[in-house]
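For reference, entry.cif (mmCIF, C-alpha atoms):
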data_query
loop_
_atom_site.label_atom_id
_atom_site.label_comp_id
_atom_site.auth_asym_id
_atom_site.auth_seq_id
_atom_site.Cartn_x
_atom_site.Cartn_y
_atom_site.Cartn_z
CA MET A 104 289.95 50.78 144.66
CA ARG A 105 286.21 50.26 145.14
CA TRP A 106 287.03 47.02 146.97
CA ILE A 107 289.57 48.79 149.18
CA ARG A 108 287.09 51.56 150.03
CA ALA A 109 284.39 48.98 150.81
CA ALA A 110 286.79 47.01 152.97
CA GLY A 111 287.81 50.19 154.70
CA ARG A 112 284.20 51.05 155.46
CA GLY A 113 283.62 47.53 156.78
CA LEU A 114 286.69 47.78 158.98
CA LEU A 115 285.51 51.16 160.31
CA VAL A 116 282.09 49.72 161.20
CA LEU A 117 283.76 46.75 162.90
CA ILE A 118 285.99 49.10 164.91
CA VAL A 119 283.01 51.20 166.01
CA VAL A 120 281.01 48.11 167.02
CA MET A 121 283.95 46.56 168.88
CA THR A 122 284.75 49.87 170.58
CA GLY A 123 281.17 50.11 171.80
CA TYR A 124 281.26 46.50 172.97
CA VAL A 125 284.53 46.98 174.86
CA ALA A 126 283.36 50.26 176.39
CA SER A 127 280.07 48.77 177.56
CA GLY A 128 281.94 45.77 178.91
CA ALA A 129 284.29 48.05 180.81
CA ARG A 130 281.36 49.93 182.32
CA ALA A 131 279.72 46.65 183.30
CA ASP A 132 282.92 45.48 184.96
CA GLU A 133 283.31 48.78 186.81
CA GLY A 134 279.70 48.95 187.94
CA GLY A 135 278.89 45.28 188.27
CA GLY A 136 276.29 45.64 185.53
CA ASP A 137 273.65 46.59 188.14
CA GLY A 138 274.36 50.25 188.83
CA ARG A 139 276.92 49.50 191.53
CA GLY A 140 280.50 50.66 191.81
CA PRO A 141 282.74 53.32 193.35
CA LEU A 142 281.33 56.74 194.27
CA THR A 143 282.33 60.27 195.14
CA LEU A 144 280.50 62.15 197.89
CA ALA A 145 280.69 65.92 197.80
CA THR A 146 280.02 67.90 200.96
CA ALA A 147 280.78 71.21 202.59
CA GLY A 148 283.85 71.19 204.81
CA ASP A 149 283.52 68.75 207.71
CA LEU A 150 284.37 70.98 210.66
CA THR A 151 284.24 68.18 213.24
CA GLY A 152 285.95 65.48 211.18
CA TYR A 153 283.26 62.90 211.83
CA LEU A 154 282.30 61.99 208.26
CA GLY A 155 285.56 60.37 207.21
CA PRO A 156 285.33 57.60 209.86
CA LEU A 157 281.68 56.95 208.94
CA LEU A 158 282.66 56.42 205.32
CA GLN A 159 285.56 54.19 206.34
CA GLY A 160 282.98 51.88 207.90
CA TRP A 161 281.10 51.75 204.59
CA ASN A 162 284.30 51.17 202.61
CA ARG A 163 285.34 48.26 204.80
CA THR A 164 282.09 46.41 204.18
CA HIS A 165 281.57 47.54 200.56
CA PRO A 166 284.98 47.20 198.89
CA GLY A 167 283.44 47.26 195.41
CA GLU A 168 281.52 50.46 196.17
CA ARG A 169 284.20 52.54 197.86
CA VAL A 170 283.37 56.19 198.50
CA THR A 171 285.81 59.02 197.98
CA LEU A 172 284.99 62.08 200.09
CA VAL A 173 285.36 65.47 198.40
CA GLU A 174 285.29 68.34 200.89
CA LEU A 175 284.33 71.74 199.52
CA PRO A 176 284.61 75.03 201.46
CA ASP A 177 282.68 75.23 204.73
CA SER A 178 280.93 78.40 203.53
CA ALA A 179 277.47 77.49 202.21
CA ASP A 180 277.69 80.09 199.43
CA GLU A 181 281.05 78.80 198.17
CA THR A 182 279.94 75.17 198.38
CA HIS A 183 276.81 75.97 196.40
CA ALA A 184 278.85 77.73 193.73
CA GLN A 185 281.28 74.82 193.33
CA MET A 186 278.54 72.19 193.25
CA ALA A 187 276.52 74.15 190.70
CA THR A 188 279.57 74.62 188.48
CA ASP A 189 280.35 70.92 188.59
CA LEU A 190 276.77 69.79 187.99
CA ARG A 191 276.48 72.01 184.91
CA ASP A 192 279.13 69.79 183.32
CA GLY A 193 276.50 67.06 182.95
CA ASP A 194 278.01 63.64 182.41
CA ARG A 195 281.50 65.05 183.07
CA SER A 196 280.54 65.86 186.67
CA ARG A 197 282.89 64.51 189.32
CA PHE A 198 280.23 64.03 192.00
CA ASP A 199 277.84 61.11 192.44
CA VAL A 200 276.22 61.82 195.81
CA LEU A 201 275.77 65.37 197.07
CA ASN A 202 275.30 66.47 200.66
CA ILE A 203 273.28 69.61 199.93
CA ASP A 204 271.83 72.31 202.11
CA VAL A 205 268.12 71.69 202.60
CA SER A 206 267.32 74.96 200.80
CA TRP A 207 268.95 73.79 197.55
CA THR A 208 266.72 70.78 196.88
CA SER A 209 264.14 72.69 194.84
CA GLU A 210 266.77 74.55 192.85
CA PHE A 211 268.81 71.45 191.99
CA ALA A 212 265.70 69.42 191.14
CA ALA A 213 264.24 72.13 188.90
CA ALA A 214 267.58 72.42 187.08
CA GLY A 215 267.61 68.67 186.39
CA TRP A 216 270.84 68.18 188.31
CA ILE A 217 269.53 65.55 190.77
CA ARG A 218 267.32 62.57 190.08
CA PRO A 219 264.00 61.61 191.71
CA LEU A 220 264.32 58.88 194.32
CA PRO A 221 261.91 56.04 195.19
CA ALA A 222 260.37 57.00 198.53
CA ASP A 223 259.77 53.37 199.52
CA ARG A 224 263.50 52.70 199.54
CA PHE A 225 264.14 54.91 202.57
CA PRO A 226 262.74 54.91 206.14
CA LEU A 227 261.01 58.28 205.83
CA ARG A 228 258.34 57.38 208.40
CA ASP A 229 261.06 57.09 211.04
CA PHE A 230 262.20 60.69 210.47
CA LEU A 231 261.00 63.84 212.20
CA ALA A 232 258.04 64.80 210.01
CA PRO A 233 258.99 68.38 209.01
CA VAL A 234 262.38 67.39 207.61
CA VAL A 235 260.91 65.25 204.83
CA ASP A 236 259.28 68.30 203.24
CA THR A 237 262.73 69.83 202.67
CA ALA A 238 263.62 66.88 200.41
CA THR A 239 260.66 67.19 198.04
CA TYR A 240 259.98 69.29 194.96
CA ASP A 241 256.84 69.39 192.85
CA GLY A 242 255.39 66.50 194.84
CA ARG A 243 258.34 64.14 194.34
CA LEU A 244 261.22 63.00 196.55
CA TYR A 245 264.52 64.33 195.18
CA ALA A 246 266.73 63.80 198.22
CA VAL A 247 266.76 62.07 201.59
CA PRO A 248 267.10 64.03 204.87
CA TYR A 249 270.46 63.37 206.48
CA VAL A 250 270.98 66.03 209.15
CA THR A 251 268.37 68.41 210.50
CA ASN A 252 268.75 71.57 212.50
CA ALA A 253 266.76 74.31 214.13
CA GLY A 254 267.84 77.55 215.67
CA LEU A 255 268.02 77.80 219.45
CA LEU A 256 268.38 80.75 221.78
CA LEU A 257 271.48 80.19 223.91
CA TYR A 258 271.70 82.22 227.08
CA ARG A 259 273.94 82.75 230.08
CA ALA A 260 272.09 80.73 232.69
CA ASP A 261 274.32 82.04 235.50
CA VAL A 262 273.55 85.68 234.68
CA LEU A 263 269.79 85.17 234.45
CA ALA A 264 269.83 83.15 237.69
CA GLU A 265 271.68 85.95 239.46
CA GLU A 266 269.05 88.41 238.22
CA GLY A 267 266.23 86.06 239.23
CA VAL A 268 264.56 85.97 235.80
CA PRO A 269 263.64 83.02 233.53
CA PRO A 270 264.93 82.78 229.97
CA PRO A 271 262.94 84.98 227.56
CA ARG A 272 259.90 83.58 225.75
CA THR A 273 258.95 86.73 223.85
CA TRP A 274 260.74 89.41 221.87
CA ALA A 275 259.79 92.01 224.48
CA GLU A 276 261.49 90.01 227.24
CA LEU A 277 264.55 89.40 225.08
CA GLU A 278 264.83 93.10 224.29
CA ARG A 279 264.38 94.14 227.91
CA TYR A 280 266.98 91.71 229.27
CA ALA A 281 269.44 92.48 226.46
CA ARG A 282 269.04 96.23 227.03
CA THR A 283 269.14 96.25 230.84
CA ILE A 284 270.78 93.10 232.22
CA ALA A 285 273.58 92.64 229.68
CA PRO A 286 275.30 96.01 230.33
CA LYS A 287 275.25 95.40 234.09
CA HIS A 288 277.43 92.33 233.50
CA GLY A 289 279.67 93.87 230.84
CA LEU A 290 278.03 91.87 228.04
CA ASP A 291 276.60 92.57 224.62
CA GLY A 292 272.89 91.81 224.50
CA TYR A 293 271.93 89.67 221.54
CA ALA A 294 273.46 88.42 218.31
CA GLY A 295 272.76 86.05 215.47
CA GLN A 296 274.32 85.57 212.04
CA PHE A 297 273.94 89.02 210.50
CA LEU A 298 276.67 89.25 207.87
CA PRO A 299 275.03 89.36 204.41
CA TYR A 300 275.31 85.65 203.54
CA GLU A 301 273.04 82.62 203.86
CA GLY A 302 272.98 82.92 207.65
CA LEU A 303 271.27 86.31 207.45
CA THR A 304 268.65 84.86 205.12
CA VAL A 305 267.90 82.29 207.84
CA ASN A 306 267.76 84.87 210.64
CA ALA A 307 265.52 87.16 208.59
CA ALA A 308 263.16 84.34 207.61
CA GLU A 309 262.88 83.29 211.27
CA ALA A 310 261.94 86.82 212.28
CA VAL A 311 259.28 87.03 209.56
CA TYR A 312 257.94 83.53 210.28
CA SER A 313 257.84 84.17 214.04
CA ALA A 314 255.68 87.23 213.42
CA GLY A 315 253.27 85.10 211.40
CA GLY A 316 254.45 86.05 207.92
CA SER A 317 256.04 84.33 204.94
CA VAL A 318 258.39 85.19 202.10
CA LEU A 319 257.27 83.09 199.12
CA GLY A 320 254.37 80.79 198.33
CA ASP A 321 253.63 78.10 195.76
CA GLU A 322 257.29 76.98 195.61
CA GLY A 323 258.50 80.41 194.56
CA ALA A 324 255.72 81.31 192.14
CA ARG A 325 254.13 83.88 194.48
CA VAL A 326 255.72 86.64 196.57
CA THR A 327 254.05 86.98 199.98
CA VAL A 328 256.55 89.07 201.92
CA ASP A 329 254.77 92.45 201.70
CA SER A 330 252.92 92.16 204.99
CA ALA A 331 252.64 93.65 208.45
CA ALA A 332 254.29 90.50 209.83
CA ALA A 333 257.38 90.98 207.65
CA ARG A 334 257.62 94.62 208.70
CA GLU A 335 257.38 93.57 212.34
CA GLY A 336 260.02 90.84 211.96
CA ILE A 337 262.56 92.94 210.08
CA GLY A 338 261.75 95.87 212.37
CA PHE A 339 262.68 93.72 215.38
CA LEU A 340 266.17 93.11 213.96
CA ALA A 341 266.69 96.69 212.78
CA ARG A 342 265.51 98.13 216.10
CA GLY A 343 268.00 95.98 217.99
CA VAL A 344 270.95 97.52 216.14
CA ARG A 345 269.52 101.03 216.31
CA GLU A 346 268.96 100.80 220.07
CA GLY A 347 272.24 99.02 220.75
CA TRP A 348 271.06 95.76 222.31
CA ILE A 349 272.28 94.10 219.12
CA PRO A 350 275.91 95.27 218.84
CA LYS A 351 276.95 96.74 215.50
CA ARG A 352 279.82 94.27 215.35
CA ALA A 353 277.20 91.50 215.02
CA LEU A 354 276.57 92.75 211.46
CA THR A 355 279.85 90.98 210.61
CA TYR A 356 279.02 87.69 212.37
CA LYS A 357 278.62 84.31 210.71
CA GLU A 358 278.08 81.10 212.71
CA GLU A 359 281.66 80.78 213.91
CA GLU A 360 282.17 84.43 214.87
CA SER A 361 278.92 84.56 216.82
CA LYS A 362 279.66 81.24 218.53
CA GLN A 363 283.10 82.48 219.53
CA ALA A 364 281.69 85.69 220.98
CA PHE A 365 279.29 83.70 223.15
CA GLN A 366 281.74 81.07 224.36
CA ASP A 367 284.31 83.78 225.12
CA GLY A 368 281.80 85.30 227.53
CA ARG A 369 280.92 88.43 225.52
CA LEU A 370 277.20 87.82 224.87
CA LEU A 371 274.12 87.35 227.01
CA PHE A 372 271.97 85.83 224.23
CA LEU A 373 272.84 84.12 220.96
CA ARG A 374 270.75 82.65 218.18
CA ASN A 375 272.70 79.75 216.69
CA TRP A 376 272.52 76.06 215.81
CA PRO A 377 272.91 73.33 218.46
CA TYR A 378 276.59 72.79 217.66
CA ALA A 379 277.24 76.17 219.30
CA TYR A 380 275.70 74.84 222.54
CA VAL A 381 278.10 71.90 222.44
CA ALA A 382 281.10 74.18 221.85
CA ALA A 383 280.07 76.66 224.55
CA SER A 384 279.61 73.81 227.04
CA ALA A 385 283.02 72.22 226.36
CA PRO A 386 285.66 72.41 229.11
CA SER A 387 287.75 74.84 227.05
CA SER A 388 284.89 77.36 226.87
CA LYS A 389 284.91 80.33 229.22
CA VAL A 390 281.19 79.80 229.88
CA ALA A 391 281.24 76.02 230.38
CA GLY A 392 278.53 74.98 232.81
CA GLN A 393 276.78 78.34 232.48
CA VAL A 394 274.83 77.81 229.24
CA GLY A 395 271.13 77.23 228.73
CA ALA A 396 269.03 76.82 225.59
CA VAL A 397 265.36 77.48 224.78
CA PRO A 398 263.34 77.74 221.59
CA LEU A 399 263.61 81.03 219.75
CA PRO A 400 261.20 83.64 221.13
CA GLY A 401 258.57 85.41 219.04
CA PRO A 402 256.31 88.43 219.50
CA ASP A 403 253.88 86.70 221.87
CA GLY A 404 255.57 83.40 222.78
CA PRO A 405 257.81 80.80 221.17
CA GLY A 406 258.83 81.80 217.66
CA THR A 407 259.48 79.77 214.53
CA SER A 408 262.89 78.49 213.57
CA VAL A 409 263.98 77.85 210.03
CA LEU A 410 264.86 74.23 209.35
CA GLY A 411 268.54 73.81 208.78
CA GLY A 412 270.53 70.73 207.97
CA SER A 413 271.31 68.88 204.79
CA ASN A 414 269.86 66.32 202.41
CA LEU A 415 271.58 63.60 200.39
CA ALA A 416 270.87 63.71 196.66
CA VAL A 417 272.03 61.66 193.66
CA ASN A 418 273.51 63.36 190.62
CA THR A 419 271.39 62.79 187.51
CA HIS A 420 274.59 61.60 185.81
CA ALA A 421 275.82 59.45 188.72
CA ARG A 422 277.91 56.55 187.47
CA HIS A 423 276.42 54.03 189.87
CA PRO A 424 272.96 55.12 191.01
CA ASP A 425 272.15 51.91 192.87
CA SER A 426 275.29 52.22 194.97
CA ALA A 427 274.42 55.86 195.56
CA ALA A 428 271.00 54.90 196.92
CA ARG A 429 272.55 52.16 199.05
CA LEU A 430 275.02 54.65 200.51
CA ILE A 431 272.21 57.06 201.37
CA ALA A 432 270.29 54.25 203.09
CA TYR A 433 273.44 53.46 205.10
CA LEU A 434 274.02 57.08 206.15
CA THR A 435 270.41 57.43 207.30
CA SER A 436 270.32 54.12 209.19
CA GLU A 437 269.82 54.26 212.96
CA PRO A 438 273.39 53.24 213.97
CA VAL A 439 274.98 55.79 211.65
CA GLN A 440 272.52 58.53 212.60
CA ARG A 441 273.48 57.93 216.22
CA GLN A 442 277.12 58.54 215.28
CA VAL A 443 276.18 61.68 213.36
CA LEU A 444 275.08 63.04 216.73
CA THR A 445 277.71 61.56 219.03
CA ARG A 446 280.72 62.09 216.72
CA GLY A 447 279.62 65.09 214.69
CA ALA A 448 277.42 66.92 217.23
CA LEU A 449 274.90 67.26 214.40
CA PRO A 450 271.16 66.73 214.93
CA PRO A 451 269.98 63.43 213.41
CA VAL A 452 266.78 63.05 211.40
CA ARG A 453 265.54 59.89 213.15
CA ALA A 454 262.81 60.78 215.65
CA ALA A 455 263.52 57.97 218.13
CA LEU A 456 266.99 59.27 218.93
CA TYR A 457 265.50 62.40 220.50
CA GLU A 458 263.84 60.25 223.15
CA ASP A 459 266.87 58.10 223.99
CA PRO A 460 267.69 58.65 227.71
CA GLY A 461 271.40 58.07 227.22
CA LEU A 462 271.63 60.59 224.40
CA ILE A 463 269.61 63.14 226.38
CA ARG A 464 272.06 62.82 229.27
CA ALA A 465 274.95 63.49 226.88
CA PHE A 466 273.11 66.19 224.89
CA PRO A 467 270.69 67.93 227.27
CA TYR A 468 269.38 70.24 224.54
CA LEU A 469 267.78 67.37 222.57
CA PRO A 470 264.22 67.78 223.93
CA THR A 471 264.35 71.53 223.23
CA LEU A 472 265.74 70.89 219.77
CA ARG A 473 263.02 68.35 219.02
CA GLU A 474 260.41 70.92 220.03
CA SER A 475 262.04 73.51 217.77
CA VAL A 476 262.33 71.16 214.79
CA LEU A 477 258.69 70.05 215.03
CA ALA A 478 257.59 73.72 215.02
CA ALA A 479 260.09 74.83 212.37
CA ALA A 480 259.47 75.83 208.76
CA PRO A 481 261.63 75.38 205.66
CA ARG A 482 263.33 78.27 203.95
CA PRO A 483 261.44 79.78 201.02
CA LYS A 484 261.21 77.15 198.29
CA SER A 485 262.22 78.39 194.86
CA PRO A 486 263.99 77.04 191.76
CA ARG A 487 265.98 80.30 191.96
CA TYR A 488 266.75 80.03 195.64
CA ASP A 489 270.31 81.35 195.26
CA GLN A 490 268.94 84.62 193.83
CA VAL A 491 266.18 84.77 196.45
CA SER A 492 268.73 84.41 199.24
CA LEU A 493 271.00 87.11 197.80
CA VAL A 494 268.10 89.56 197.67
CA VAL A 495 267.00 88.81 201.25
CA GLN A 496 270.56 89.16 202.56
CA SER A 497 271.16 92.47 200.86
CA VAL A 498 267.85 94.12 201.75
CA VAL A 499 267.73 93.00 205.39
CA HIS A 500 271.36 93.97 205.99
CA ASP A 501 270.61 97.46 204.65
CA ALA A 502 267.67 97.71 207.05
CA MET A 503 269.74 96.54 210.03
CA ALA A 504 272.56 98.92 209.12
CA GLY A 505 270.07 101.80 209.10
CA HIS A 506 270.30 102.52 205.38
CA GLU A 507 266.53 102.23 204.95
CA THR A 508 263.49 101.79 207.17
CA PRO A 509 261.96 98.34 207.71
CA GLU A 510 258.87 99.51 205.81
CA ALA A 511 260.95 100.57 202.80
CA ALA A 512 263.00 97.37 203.05
CA VAL A 513 259.89 95.18 202.86
CA ARG A 514 258.57 97.08 199.82
CA ARG A 515 261.95 96.73 198.10
CA LEU A 516 262.12 93.06 199.05
CA ALA A 517 258.72 92.43 197.46
CA ARG A 518 259.74 94.21 194.24
CA GLU A 519 263.05 92.41 193.84
CA LEU A 520 261.62 88.99 194.67
CA ALA A 521 258.82 89.56 192.16
CA ALA A 522 261.42 90.33 189.48
CA ILE A 523 263.13 86.99 190.21
CA SER A 524 259.86 85.06 190.09
CA ARG A 525 258.84 86.30 186.65
#
Take the structure from the file and write it as structure tokens.
Amino acid sequence: MRWIRAAGRGLLVLIVVMTGYVASGARADEGGGDGRGPLTLATAGDLTGYLGPLLQGWNRTHPGERVTLVELPDSADETHAQMATDLRDGDRSRFDVLNIDVSWTSEFAAAGWIRPLPADRFPLRDFLAPVVDTATYDGRLYAVPYVTNAGLLLYRADVLAEEGVPPPRTWAELERYARTIAPKHGLDGYAGQFLPYEGLTVNAAEAVYSAGGSVLGDEGARVTVDSAAAREGIGFLARGVREGWIPKRALTYKEEESKQAFQDGRLLFLRNWPYAYVAASAPSSKVAGQVGAVPLPGPDGPGTSVLGGSNLAVNTHARHPDSAARLIAYLTSEPVQRQVLTRGALPPVRAALYEDPGLIRAFPYLPTLRESVLAAAPRPKSPRYDQVSLVVQSVVHDAMAGHETPEAAVRRLARELAAISR
């Protein structure tokens, strides 16, 4: 019996060793033994359908590193929730490469969900300088900029030309035109993305930044929003609804609803991303050929946009990290970045493309967008960005809906953000 038990133990050890050998061999076969192999890329819904063809190009030339595209909802909040749920599963996560909103980099890095990346592996010097900051946390690169964005003020060029006035450069001009010119032409004055979701966080931050204020400092460790600038910025938005030059219906607008209102000929001014300019200028738009774009106005001149866009990050538990890095290098290469613009109507991160004469002819807003991106600022950096955004949305929406004064809203915002930062 002792011999049988000893033999049994020996057999068990042999099985364990052989199982480990076979498993490691299988992983080496799958990944080529050098961190390469098939990948999944998770992204928010691709509204223009451009990403699939880009990945087909990669798959044709990298058959051993094929990418499967996983499209999540096109709502930023829902995409964030699904990515976070998946990443909490650790090594059971389905996603290898993540196309994340630029505001999530700090949160995902602080949570340990994405891995640091070697900066010398990517052409960061060829990117527009401000976008690189959105990909860093605690002094390290945790993602690579893929698409950038900055808010623009779209306007009805035909209406302003008829009135003999230039596009507004200050809040006072915007208010005056929206209050006086828009009604004469049967239009609403001004709208942005004012439903309480991530878009309102962006619009609110732009108003505060444009007035010279800030929301958080030291990557979320310090609350800086209790200021005269924040009261001025939030007061600008709240005053617009109270006085009627921002229509109350705009409190329900996200990107698509506000874009539709403008391209249907119902708005004089719209704050939106450049894709809305492309849609409003398309032949099917009711305002085709009548659209202009300028940088967002501020109290005394051009304001400050919030940087939009997305970064590419690698899951800490990615099966094939070398392939993941190679894919990111491919998607940020000059030829692919050109297609991101021409096929997806999304602003690329490579600086040289904004000076390409052919692209400027096709996308006349590029010089304005470049100006806006170079003057833009990132959203408040915080490891708890999802909570920060929810607070900003809720408080600013209450102020715009008239439930509390801008002064009370700023005090409440400071208190609630301080509670998150503790």
Take the PyMOL selection byres ((chain A and resi 231) around 9), run it mentally on this structure, and tell me the resulting residues as a VMD selection string.
chain A and resid 227 to 230 232 to 235 251 452 to 455 473 476 to 477
Compare A:Thr407, A:Thr208, A:Val247, A:Lys357 by their minimum atom-to-atom distance to Leu298 in chain A, counting only C-alpha atoms, and give me the closest one.
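Looking only at the distances to Leu298 in chain A, the closest residue turns out to be A:Lys357.
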Might you pull out every residue within 12 Å of Gly242 in chain A, with all atoms listed in the file counted and same-chain residues fewer than 5 positions away left off, and present them as number ranges by chain?
A: 209, 212, 219-220, 222, 235-237, 321-322
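Across the model, the gap from CA of Gly140 in chain A to CA of Val439 in chain A is 21.2 Å.
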Skip Gly368 in chain A itself and residues of its chain fewer than 6 positions away, then list as a PyMOL selection string all residues within 12 Å of it, counting all atoms listed in the file.
chain A and resi 258-262+285+288-292+361-362+383-384+388-391+393-394
Please report the interatomic distance between CA of Tyr300 in chain A and CA of Val495 in chain A in Å with one decimal.
9.2 Å
Go through the shown structure with the PyMOL selection byres ((chain A and resi 330-343) around 10) and write out the matching residues as a ChimeraX atom specification.
/A:274-275,278,281-282,292-295,297,306-318,327-329,344-351,401-402,498-505,507-514,517
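From CA of Val205 in chain A back to CA of Ala478 in chain A, the distance works out to 16.4 Å.
Distances to Arg218 in chain A were evaluated for A:Leu201, A:Ile284, A:Ile463, A:Leu370 using only C-alpha atoms, and the minimum falls at A:Leu201.
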Using the chain letters and numbers from the file, give me the residues hit by the PyMOL selection byres ((chain A and resi 178) around 12), as a count of residues only.
23
Residue nearest Pro481 in chain A among A:Leu354, A:Ala364, A:Leu371, A:Leu319 (counting only C-alpha atoms):
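Under the stated criterion, the closest residue is A:Leu319.
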From the list A:Gln496, A:Thr273, A:Asn414, A:Ser475, the nearest residue to Gly254 in chain A using all atoms listed in the file is A:Ser475
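The shortest atom-to-atom distance to Arg139 in chain A, with all atoms listed in the file taken into account, belongs to A:Ser426 out of A:Gln296, A:Thr419, A:Ser426, A:Thr239.
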With only C-alpha atoms as the atoms that count, which of A:Ala324, A:Ala428, A:Val173, A:Ala465 lies nearest to Leu520 in chain A?
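Of A:Ala324, A:Ala428, A:Val173, A:Ala465, the one nearest Leu520 in chain A, counting only C-alpha atoms, is A:Ala324.
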